$ cat input-v7.pdb   # PDB, C-alpha atoms, pLDDT in the B column
ATOM      1  CA  MET A 770      49.630  69.030  88.096  1.00 40.00           C
ATOM      2  CA  PRO A 771      49.344  72.736  87.211  1.00 47.00           C
ATOM      3  CA  GLY A 772      48.422  73.072  83.557  1.00 48.00           C
ATOM      4  CA  GLY A 773      47.156  69.482  83.252  1.00 63.00           C
ATOM      5  CA  ARG A 774      43.591  68.384  82.653  1.00 80.00           C
ATOM      6  CA  LEU A 775      41.031  69.273  85.291  1.00 89.00           C
ATOM      7  CA  THR A 776      39.897  66.290  87.337  1.00 90.00           C
ATOM      8  CA  GLN A 777      36.391  65.643  88.612  1.00 89.00           C
ATOM      9  CA  GLN A 778      37.587  66.671  92.075  1.00 90.00           C
ATOM     10  CA  ASP A 779      38.922  69.935  90.605  1.00 91.00           C
ATOM     11  CA  ARG A 780      35.516  70.630  89.091  1.00 93.00           C
ATOM     12  CA  GLN A 781      33.770  69.946  92.380  1.00 92.00           C
ATOM     13  CA  ARG A 782      36.098  72.454  94.048  1.00 92.00           C
ATOM     14  CA  ILE A 783      35.291  74.986  91.326  1.00 93.00           C
ATOM     15  CA  ALA A 784      31.568  74.526  91.981  1.00 91.00           C
ATOM     16  CA  ALA A 785      32.141  74.910  95.725  1.00 91.00           C
ATOM     17  CA  GLY A 786      34.116  78.089  95.110  1.00 89.00           C
ATOM     18  CA  LEU A 787      31.313  79.562  93.007  1.00 89.00           C
ATOM     19  CA  THR A 788      28.794  78.692  95.719  1.00 87.00           C
ATOM     20  CA  ASP A 789      30.983  80.478  98.271  1.00 85.00           C
ATOM     21  CA  GLY A 790      31.153  83.553  96.031  1.00 83.00           C
ATOM     22  CA  LEU A 791      34.892  83.298  95.350  1.00 85.00           C
ATOM     23  CA  SER A 792      36.377  85.150  92.392  1.00 84.00           C
ATOM     24  CA  TYR A 793      37.821  83.214  89.462  1.00 83.00           C
ATOM     25  CA  ALA A 794      41.294  84.357  90.503  1.00 82.00           C
ATOM     26  CA  GLU A 795      40.849  82.967  94.030  1.00 85.00           C
ATOM     27  CA  ILE A 796      39.485  79.642  92.746  1.00 89.00           C
ATOM     28  CA  ALA A 797      42.445  79.423  90.355  1.00 85.00           C
ATOM     29  CA  ARG A 798      44.881  80.150  93.191  1.00 87.00           C
ATOM     30  CA  ARG A 799      43.410  77.392  95.359  1.00 90.00           C
ATOM     31  CA  LEU A 800      43.645  74.907  92.489  1.00 90.00           C
ATOM     32  CA  ASP A 801      47.091  76.160  91.446  1.00 86.00           C
ATOM     33  CA  ARG A 802      45.800  76.866  87.940  1.00 85.00           C
ATOM     34  CA  PRO A 803      45.810  79.890  85.621  1.00 84.00           C
ATOM     35  CA  THR A 804      42.766  82.117  86.018  1.00 81.00           C
ATOM     36  CA  SER A 805      42.097  81.757  82.284  1.00 78.00           C
ATOM     37  CA  THR A 806      41.711  77.979  82.745  1.00 84.00           C
ATOM     38  CA  ILE A 807      39.021  78.507  85.370  1.00 86.00           C
ATOM     39  CA  SER A 808      37.170  81.181  83.381  1.00 82.00           C
ATOM     40  CA  ARG A 809      37.144  78.999  80.238  1.00 81.00           C
ATOM     41  CA  GLU A 810      35.985  75.965  82.208  1.00 87.00           C
ATOM     42  CA  ILE A 811      33.086  77.870  83.756  1.00 87.00           C
ATOM     43  CA  GLY A 812      32.219  79.786  80.592  1.00 80.00           C
ATOM     44  CA  ARG A 813      31.928  76.673  78.411  1.00 82.00           C
ATOM     45  CA  ASN A 814      29.887  74.764  80.997  1.00 85.00           C
ATOM     46  CA  GLY A 815      26.913  76.922  81.881  1.00 81.00           C
ATOM     47  CA  GLY A 816      28.518  80.034  83.340  1.00 81.00           C
ATOM     48  CA  PRO A 817      28.804  80.944  87.034  1.00 80.00           C
ATOM     49  CA  SER A 818      25.095  80.465  87.740  1.00 77.00           C
ATOM     50  CA  GLY A 819      24.684  77.174  85.869  1.00 80.00           C
ATOM     51  CA  TYR A 820      27.958  75.326  86.414  1.00 87.00           C
ATOM     52  CA  GLN A 821      27.477  71.639  87.298  1.00 89.00           C
ATOM     53  CA  PRO A 822      30.738  69.729  87.976  1.00 90.00           C
ATOM     54  CA  GLN A 823      29.509  66.271  86.969  1.00 89.00           C
ATOM     55  CA  GLN A 824      27.950  67.499  83.734  1.00 88.00           C
ATOM     56  CA  ALA A 825      31.079  69.527  82.963  1.00 87.00           C
ATOM     57  CA  HIS A 826      33.270  66.458  83.495  1.00 87.00           C
ATOM     58  CA  ARG A 827      31.102  64.283  81.245  1.00 85.00           C
ATOM     59  CA  ALA A 828      30.960  66.946  78.540  1.00 83.00           C
ATOM     60  CA  THR A 829      34.742  67.296  78.554  1.00 80.00           C
ATOM     61  CA  ALA A 830      35.183  63.541  78.290  1.00 79.00           C
ATOM     62  CA  GLN A 831      32.761  63.388  75.351  1.00 77.00           C
ATOM     63  CA  ARG A 832      34.569  66.200  73.542  1.00 69.00           C
ATOM     64  CA  ALA A 833      37.867  64.432  74.079  1.00 66.00           C
ATOM     65  CA  ARG A 834      36.470  61.188  72.612  1.00 65.00           C
ATOM     66  CA  ARG A 835      35.059  63.002  69.596  1.00 59.00           C
ATOM     67  CA  GLY A 836      38.212  65.011  69.149  1.00 52.00           C
ATOM     68  CA  THR A 837      36.193  68.131  68.345  1.00 45.00           C
ATOM     69  CA  PRO A 838      36.816  71.633  69.672  1.00 47.00           C
ATOM     70  CA  THR A 839      34.494  73.278  72.142  1.00 47.00           C
ATOM     71  CA  PRO A 840      31.733  75.216  70.366  1.00 43.00           C
ATOM     72  CA  PRO A 841      32.033  78.966  70.867  1.00 44.00           C
ATOM     73  CA  ARG A 842      29.734  80.626  73.377  1.00 45.00           C
ATOM     74  CA  THR A 843      27.489  83.170  71.725  1.00 41.00           C
ATOM     75  CA  ALA A 844      25.322  84.277  74.629  1.00 43.00           C
ATOM     76  CA  GLY A 845      26.372  86.508  77.490  1.00 45.00           C
ATOM     77  CA  PRO A 846      29.598  88.389  78.072  1.00 44.00           C
ATOM     78  CA  PRO A 847      32.876  86.897  76.846  1.00 43.00           C
ATOM     79  CA  SER A 848      33.853  83.792  78.788  1.00 43.00           C
ATOM     80  CA  GLY A 849      37.554  84.677  78.716  1.00 44.00           C
ATOM     81  CA  THR A 850      39.389  86.348  81.524  1.00 42.00           C
ATOM     82  CA  THR A 851      38.600  89.918  80.463  1.00 55.00           C
ATOM     83  CA  GLY A 852      34.799  89.896  80.676  1.00 74.00           C
ATOM     84  CA  GLU A 853      34.481  87.530  83.633  1.00 79.00           C
ATOM     85  CA  GLU A 854      37.177  89.261  85.650  1.00 81.00           C
ATOM     86  CA  ILE A 855      35.534  92.653  85.134  1.00 83.00           C
ATOM     87  CA  ILE A 856      32.260  91.173  86.365  1.00 86.00           C
ATOM     88  CA  GLU A 857      33.930  89.755  89.471  1.00 84.00           C
ATOM     89  CA  ILE A 858      35.638  93.076  90.227  1.00 83.00           C
ATOM     90  CA  ALA A 859      32.324  94.914  89.853  1.00 83.00           C
ATOM     91  CA  VAL A 860      30.557  92.438  92.155  1.00 85.00           C
ATOM     92  CA  ARG A 861      33.267  92.801  94.799  1.00 83.00           C
ATOM     93  CA  ALA A 862      32.816  96.578  94.546  1.00 78.00           C
ATOM     94  CA  GLY A 863      29.137  96.162  95.419  1.00 82.00           C
ATOM     95  CA  LEU A 864      27.387  95.982  92.051  1.00 85.00           C
ATOM     96  CA  PRO A 865      24.629  93.312  91.862  1.00 89.00           C
ATOM     97  CA  ARG A 866      25.825  90.402  89.718  1.00 89.00           C
ATOM     98  CA  MET A 867      23.099  90.708  87.079  1.00 92.00           C
ATOM     99  CA  THR A 868      23.703  94.446  86.840  1.00 92.00           C
ATOM    100  CA  ALA A 869      27.423  93.785  86.457  1.00 91.00           C
ATOM    101  CA  ARG A 870      26.755  91.280  83.655  1.00 92.00           C
ATOM    102  CA  VAL A 871      24.594  93.777  81.770  1.00 93.00           C
ATOM    103  CA  HIS A 872      27.142  96.539  82.291  1.00 92.00           C
ATOM    104  CA  VAL A 873      30.035  94.400  81.009  1.00 91.00           C
ATOM    105  CA  ASP A 874      28.043  93.198  78.002  1.00 91.00           C
ATOM    106  CA  LEU A 875      27.432  96.830  77.046  1.00 92.00           C
ATOM    107  CA  LEU A 876      30.987  97.831  77.890  1.00 88.00           C
ATOM    108  CA  LEU A 877      32.501  95.184  75.612  1.00 87.00           C
ATOM    109  CA  SER A 878      30.009  95.521  72.768  1.00 87.00           C
ATOM    110  CA  GLU A 879      31.300  96.830  69.453  1.00 86.00           C
ATOM    111  CA  ASP A 880      29.263 100.057  69.401  1.00 87.00           C
ATOM    112  CA  GLY A 881      28.267 100.219  73.072  1.00 89.00           C
ATOM    113  CA  ARG A 882      24.561  99.835  72.287  1.00 90.00           C
ATOM    114  CA  ARG A 883      22.000  97.149  73.089  1.00 92.00           C
ATOM    115  CA  THR A 884      18.229  96.938  73.259  1.00 92.00           C
ATOM    116  CA  ALA A 885      16.595  95.228  76.214  1.00 92.00           C
ATOM    117  CA  ALA A 886      15.623  92.345  73.919  1.00 91.00           C
ATOM    118  CA  GLU A 887      19.231  91.923  72.791  1.00 92.00           C
ATOM    119  CA  LEU A 888      20.471  91.885  76.382  1.00 93.00           C
ATOM    120  CA  THR A 889      17.804  89.353  77.342  1.00 92.00           C
ATOM    121  CA  ARG A 890      18.776  87.059  74.466  1.00 92.00           C
ATOM    122  CA  ARG A 891      22.542  87.370  74.908  1.00 90.00           C
ATOM    123  CA  LEU A 892      22.554  86.875  78.672  1.00 89.00           C
ATOM    124  CA  GLU A 893      19.794  84.235  78.608  1.00 88.00           C
ATOM    125  CA  VAL A 894      17.849  85.886  81.422  1.00 88.00           C
ATOM    126  CA  SER A 895      14.333  87.221  81.896  1.00 90.00           C
ATOM    127  CA  PRO A 896      13.248  90.636  80.600  1.00 91.00           C
ATOM    128  CA  ALA A 897      12.443  91.618  84.188  1.00 92.00           C
ATOM    129  CA  SER A 898      16.044  90.949  85.271  1.00 91.00           C
ATOM    130  CA  VAL A 899      17.370  93.096  82.444  1.00 93.00           C
ATOM    131  CA  SER A 900      14.874  95.854  83.271  1.00 93.00           C
ATOM    132  CA  VAL A 901      16.022  96.033  86.900  1.00 93.00           C
ATOM    133  CA  ALA A 902      19.683  96.041  85.853  1.00 93.00           C
ATOM    134  CA  VAL A 903      19.438  98.758  83.202  1.00 94.00           C
ATOM    135  CA  ASN A 904      17.312 100.950  85.462  1.00 93.00           C
ATOM    136  CA  TYR A 905      20.053 100.762  88.095  1.00 92.00           C
ATOM    137  CA  LEU A 906      22.730 101.578  85.507  1.00 92.00           C
ATOM    138  CA  VAL A 907      20.775 104.532  84.122  1.00 91.00           C
ATOM    139  CA  GLN A 908      20.026 105.845  87.605  1.00 90.00           C
ATOM    140  CA  HIS A 909      23.720 105.747  88.564  1.00 88.00           C
ATOM    141  CA  GLY A 910      24.973 107.274  85.329  1.00 86.00           C
ATOM    142  CA  TYR A 911      26.691 104.202  83.893  1.00 88.00           C
ATOM    143  CA  VAL A 912      24.522 104.137  80.763  1.00 91.00           C
ATOM    144  CA  ARG A 913      21.937 106.358  79.128  1.00 90.00           C
ATOM    145  CA  ARG A 914      18.598 105.501  77.580  1.00 90.00           C
ATOM    146  CA  GLU A 915      17.825 106.513  73.987  1.00 90.00           C
ATOM    147  CA  ARG A 916      14.703 105.993  71.903  1.00 86.00           C
ATOM    148  CA  ASP A 917      14.957 104.247  68.536  1.00 80.00           C
ATOM    149  CA  PRO A 918      12.117 105.788  66.479  1.00 75.00           C
ATOM    150  CA  GLN A 919      12.386 103.191  63.715  1.00 77.00           C
ATOM    151  CA  ARG A 920      12.037 100.172  65.970  1.00 71.00           C
ATOM    152  CA  ARG A 921      10.010 102.011  68.627  1.00 78.00           C
ATOM    153  CA  ARG A 922      12.029 100.681  71.522  1.00 86.00           C
ATOM    154  CA  ASP A 923      14.569 101.902  74.026  1.00 89.00           C
ATOM    155  CA  VAL A 924      18.270 101.476  73.348  1.00 92.00           C
ATOM    156  CA  TYR A 925      20.788 101.438  76.199  1.00 94.00           C
ATOM    157  CA  VAL A 926      24.078 103.144  75.402  1.00 91.00           C
ATOM    158  CA  ILE A 927      27.437 103.258  77.130  1.00 88.00           C
ATOM    159  CA  ASP A 928      30.080 105.655  75.865  1.00 76.00           C
ATOM    160  CA  ASP A 929      33.280 107.309  77.051  1.00 74.00           C
ATOM    161  CA  GLU A 930      31.333 110.034  78.856  1.00 83.00           C
ATOM    162  CA  ALA A 931      29.513 107.426  80.957  1.00 81.00           C
ATOM    163  CA  TRP A 932      32.393 107.221  83.431  1.00 83.00           C
ATOM    164  CA  TYR A 933      32.404 111.005  83.849  1.00 89.00           C
ATOM    165  CA  HIS A 934      28.665 111.136  84.484  1.00 86.00           C
ATOM    166  CA  SER A 935      28.855 108.218  86.923  1.00 84.00           C
ATOM    167  CA  VAL A 936      31.649 109.844  88.942  1.00 90.00           C
ATOM    168  CA  VAL A 937      29.871 113.210  88.985  1.00 92.00           C
ATOM    169  CA  LEU A 938      26.561 111.656  90.041  1.00 89.00           C
ATOM    170  CA  SER A 939      28.227 109.737  92.870  1.00 89.00           C
ATOM    171  CA  ALA A 940      30.096 112.848  94.056  1.00 93.00           C
ATOM    172  CA  ARG A 941      26.903 114.905  94.068  1.00 94.00           C
ATOM    173  CA  GLN A 942      25.134 112.256  96.111  1.00 92.00           C
ATOM    174  CA  THR A 943      28.029 112.328  98.583  1.00 94.00           C
ATOM    175  CA  LEU A 944      27.786 116.115  98.696  1.00 95.00           C
ATOM    176  CA  GLU A 945      24.093 115.839  99.569  1.00 95.00           C
ATOM    177  CA  ALA A 946      24.973 113.453 102.395  1.00 94.00           C
ATOM    178  CA  ALA A 947      27.632 115.882 103.626  1.00 95.00           C
ATOM    179  CA  ARG A 948      25.229 118.795 103.783  1.00 94.00           C
ATOM    180  CA  ALA A 949      22.610 116.646 105.494  1.00 95.00           C
ATOM    181  CA  ALA A 950      25.203 115.733 108.139  1.00 94.00           C
ATOM    182  CA  MET A 951      26.087 119.404 108.695  1.00 95.00           C
ATOM    183  CA  ALA A 952      22.415 120.306 108.984  1.00 94.00           C
ATOM    184  CA  SER A 953      22.034 117.512 111.544  1.00 94.00           C
ATOM    185  CA  ALA A 954      24.973 118.956 113.475  1.00 94.00           C
ATOM    186  CA  GLN A 955      23.147 122.251 113.784  1.00 93.00           C
ATOM    187  CA  THR A 956      20.010 120.461 114.969  1.00 94.00           C
ATOM    188  CA  TYR A 957      21.841 118.643 117.766  1.00 94.00           C
ATOM    189  CA  GLY A 958      23.991 121.651 118.572  1.00 93.00           C
ATOM    190  CA  PRO A 959      27.631 122.251 117.602  1.00 87.00           C
ATOM    191  CA  ASP A 960      28.772 121.749 121.189  1.00 92.00           C
ATOM    192  CA  SER A 961      27.098 118.363 121.682  1.00 95.00           C
ATOM    193  CA  PRO A 962      28.998 115.095 121.028  1.00 94.00           C
ATOM    194  CA  VAL A 963      26.544 114.150 118.275  1.00 95.00           C
ATOM    195  CA  GLY A 964      26.712 117.590 116.698  1.00 94.00           C
ATOM    196  CA  GLN A 965      30.496 117.598 116.714  1.00 95.00           C
ATOM    197  CA  ARG A 966      30.649 114.123 115.170  1.00 95.00           C
ATOM    198  CA  GLN A 967      28.155 115.060 112.468  1.00 95.00           C
ATOM    199  CA  ALA A 968      29.988 118.313 111.740  1.00 95.00           C
ATOM    200  CA  ARG A 969      33.302 116.524 111.295  1.00 96.00           C
ATOM    201  CA  SER A 970      31.732 113.884 109.047  1.00 96.00           C
ATOM    202  CA  GLY A 971      29.965 116.496 106.970  1.00 95.00           C
ATOM    203  CA  ALA A 972      33.114 118.582 106.528  1.00 96.00           C
ATOM    204  CA  PHE A 973      35.100 115.543 105.430  1.00 96.00           C
ATOM    205  CA  LEU A 974      32.478 114.312 102.954  1.00 96.00           C
ATOM    206  CA  GLU A 975      31.956 117.808 101.561  1.00 96.00           C
ATOM    207  CA  GLN A 976      35.650 118.317 100.852  1.00 96.00           C
ATOM    208  CA  VAL A 977      36.066 114.864  99.291  1.00 96.00           C
ATOM    209  CA  SER A 978      33.040 115.318  97.022  1.00 96.00           C
ATOM    210  CA  LEU A 979      34.118 118.811  95.932  1.00 96.00           C
ATOM    211  CA  ASP A 980      37.627 117.547  95.188  1.00 96.00           C
ATOM    212  CA  THR A 981      36.141 114.674  93.171  1.00 95.00           C
ATOM    213  CA  LEU A 982      33.963 117.025  91.105  1.00 95.00           C
ATOM    214  CA  GLU A 983      36.909 119.291  90.422  1.00 96.00           C
ATOM    215  CA  SER A 984      39.134 116.356  89.442  1.00 95.00           C
ATOM    216  CA  ALA A 985      36.468 114.888  87.149  1.00 93.00           C
ATOM    217  CA  ASP A 986      36.172 118.203  85.292  1.00 94.00           C
ATOM    218  CA  ARG A 987      39.948 118.594  85.119  1.00 94.00           C
ATOM    219  CA  TRP A 988      40.537 115.176  83.558  1.00 92.00           C
ATOM    220  CA  ARG A 989      37.379 114.898  81.471  1.00 91.00           C
ATOM    221  CA  ASP A 990      39.318 115.536  78.257  1.00 90.00           C
ATOM    222  CA  LEU A 991      41.059 112.166  78.696  1.00 89.00           C
ATOM    223  CA  LEU A 992      37.767 110.518  77.722  1.00 84.00           C
ATOM    224  CA  ALA A 993      37.503 112.448  74.470  1.00 72.00           C
TER     225      ALA A 993
END
$ encode --input "input-v7.pdb" --output "structure tokens"
Amino acid sequence: MPGGRLTQQDRQRIAAGLTDGLSYAEIARRLDRPTSTISREIGRNGGPSGYQPQQAHRATAQRARRGTPTPPRTAGPPSGTTGEEIIEIAVRAGLPRMTARVHVDLLLSEDGRRTAAELTRRLEVSPASVSVAVNYLVQHGYVRRERDPQRRRDVYVIDDEAWYHSVVLSARQTLEAARAAMASAQTYGPDSPVGQRQARSGAFLEQVSLDTLESADRWRDLLA
């Protein structure tokens, strides 16, 4: 029954959905449950990478017998719909899952700042995983790296301008691809089928990237 207690079979279907890479919303739809029910169930029982249906079922039964509330989760991004759904959206858009987790943890932090050690502790992952994720985020303009002279360590920062820098960086990379395509068109000859195809692609990508840069500058004040 929608809204009732999850059964062991429900939990097995949740685990299968996670294995298949389904979003929380899709798992919820297949079980005819609210998405928040699925996100809470996964968040309180090991997260998407550690969810075990049998252990989750036993833990729920033990909590019910004790009559005590579920202890709050302190590590990783919020287990509610907001944080987990943002992660799933980012993954569907092509962001690696660990990178998405780091990005969301920074995005939803109070001051938008974390050290690598803090990210490692909160997300319960290895320092190497955090290093790969933050390097990707810095490279693509999502966060910036600052140096804390007192603690002598790097601090990773996300602020309102991060979205502007990310959009601009992406548009400039597209512009480079456009100009490479137009250069290729000249190499193959503007009258050849390959040259014509490359010229059309380059013209399209150039115009889209220039429009994006102009739009980002026009609306930048909305981030202030």
$ resolve_selection --input "input-v7.pdb" --expression "the PyMOL selection byres ((chain A and resi 916) around 12)" --output "PyMOL selection string"
chain A and resi 882-885+913-915+917-926
$ resolve_selection --input "input-v7.pdb" --expression "the PyMOL selection byres ((chain A and resi 820) around 12)" --output "MDAnalysis selection string"
chainID A and resid 780:788 807:819 821:826 828
$ closest_residue --input "input-v7.pdb" --among "A:Ile855, A:Ala886, A:Ala897, A:Val937" --to "His909 of chain A" --atoms "only C-alpha atoms"
A:Val937
$ atom_distance --input "input-v7.pdb" --atom1 "atom CA of Gly863 of chain A" --atom2 "atom CA of Arg890 of chain A"
25.1 Å
$ resolve_selection --input "input-v7.pdb" --expression "the PyMOL selection byres ((chain A and resi 869) around 12)" --output "short mmCIF file (atom, residue, chain, number, x, y, z; two decimals) with C-alpha atoms, in the coordinates of the input"
data_model
loop_
_atom_site.label_atom_id
_atom_site.label_comp_id
_atom_site.auth_asym_id
_atom_site.auth_seq_id
_atom_site.Cartn_x
_atom_site.Cartn_y
_atom_site.Cartn_z
CA GLY A 845 26.37 86.51 77.49
CA PRO A 846 29.60 88.39 78.07
CA GLY A 852 34.80 89.90 80.68
CA GLU A 853 34.48 87.53 83.63
CA GLU A 854 37.18 89.26 85.65
CA ILE A 855 35.53 92.65 85.13
CA ILE A 856 32.26 91.17 86.36
CA GLU A 857 33.93 89.76 89.47
CA ILE A 858 35.64 93.08 90.23
CA ALA A 859 32.32 94.91 89.85
CA VAL A 860 30.56 92.44 92.16
CA ARG A 861 33.27 92.80 94.80
CA ALA A 862 32.82 96.58 94.55
CA GLY A 863 29.14 96.16 95.42
CA LEU A 864 27.39 95.98 92.05
CA PRO A 865 24.63 93.31 91.86
CA ARG A 866 25.82 90.40 89.72
CA MET A 867 23.10 90.71 87.08
CA THR A 868 23.70 94.45 86.84
CA ARG A 870 26.76 91.28 83.66
CA VAL A 871 24.59 93.78 81.77
CA HIS A 872 27.14 96.54 82.29
CA VAL A 873 30.04 94.40 81.01
CA ASP A 874 28.04 93.20 78.00
CA LEU A 875 27.43 96.83 77.05
CA LEU A 876 30.99 97.83 77.89
CA LEU A 892 22.55 86.88 78.67
CA SER A 898 16.04 90.95 85.27
CA VAL A 899 17.37 93.10 82.44
CA VAL A 901 16.02 96.03 86.90
CA ALA A 902 19.68 96.04 85.85
CA VAL A 903 19.44 98.76 83.20
CA TYR A 905 20.05 100.76 88.10
CA LEU A 906 22.73 101.58 85.51
CA TYR A 911 26.69 104.20 83.89
#
$ closest_residue --input "input-v7.pdb" --among "A:Ala950, A:Leu938, A:Ala968, A:Ile927" --to "Thr981 of chain A" --atoms "only C-alpha atoms"
A:Leu938
$ residues_near_point --input "input-v7.pdb" --point "(28.6, 116.9, 101.6)" --cutoff "12 Å" --atoms "all atoms listed in the file" --output "MDAnalysis selection string"
chainID A and resid 939:953 967:982
$ write_last_selection --input "input-v7.pdb" --atoms "C-alpha atoms" --output "compact mmCIF listing (two decimals), in the frame of the given file"
# COMPACT_ATOMS: atom_id res chain seq x y z
CA SER A 939 28.23 109.74 92.87
CA ALA A 940 30.10 112.85 94.06
CA ARG A 941 26.90 114.90 94.07
CA GLN A 942 25.13 112.26 96.11
CA THR A 943 28.03 112.33 98.58
CA LEU A 944 27.79 116.12 98.70
CA GLU A 945 24.09 115.84 99.57
CA ALA A 946 24.97 113.45 102.40
CA ALA A 947 27.63 115.88 103.63
CA ARG A 948 25.23 118.80 103.78
CA ALA A 949 22.61 116.65 105.49
CA ALA A 950 25.20 115.73 108.14
CA MET A 951 26.09 119.40 108.70
CA ALA A 952 22.42 120.31 108.98
CA SER A 953 22.03 117.51 111.54
CA GLN A 967 28.16 115.06 112.47
CA ALA A 968 29.99 118.31 111.74
CA ARG A 969 33.30 116.52 111.30
CA SER A 970 31.73 113.88 109.05
CA GLY A 971 29.96 116.50 106.97
CA ALA A 972 33.11 118.58 106.53
CA PHE A 973 35.10 115.54 105.43
CA LEU A 974 32.48 114.31 102.95
CA GLU A 975 31.96 117.81 101.56
CA GLN A 976 35.65 118.32 100.85
CA VAL A 977 36.07 114.86 99.29
CA SER A 978 33.04 115.32 97.02
CA LEU A 979 34.12 118.81 95.93
CA ASP A 980 37.63 117.55 95.19
CA THR A 981 36.14 114.67 93.17
CA LEU A 982 33.96 117.02 91.10
$ axis_aligned_box --input "input-v7.pdb" --around "segment 787-795 of chain A" --padding-each-side "5 Å" --output "JSON"
{"center_x": 35.0, "center_y": 81.9, "center_z": 93.9, "size_x": 22.5, "size_y": 16.5, "size_z": 18.8}
$ atom_distance --input "input-v7.pdb" --atom1 "atom CA of Asp929 of chain A" --atom2 "atom CA of Arg891 of chain A"
22.7 Å
$ atom_distance --input "input-v7.pdb" --atom1 "atom CA of Ala931 of chain A" --atom2 "atom CA of Ser984 of chain A"
15.6 Å
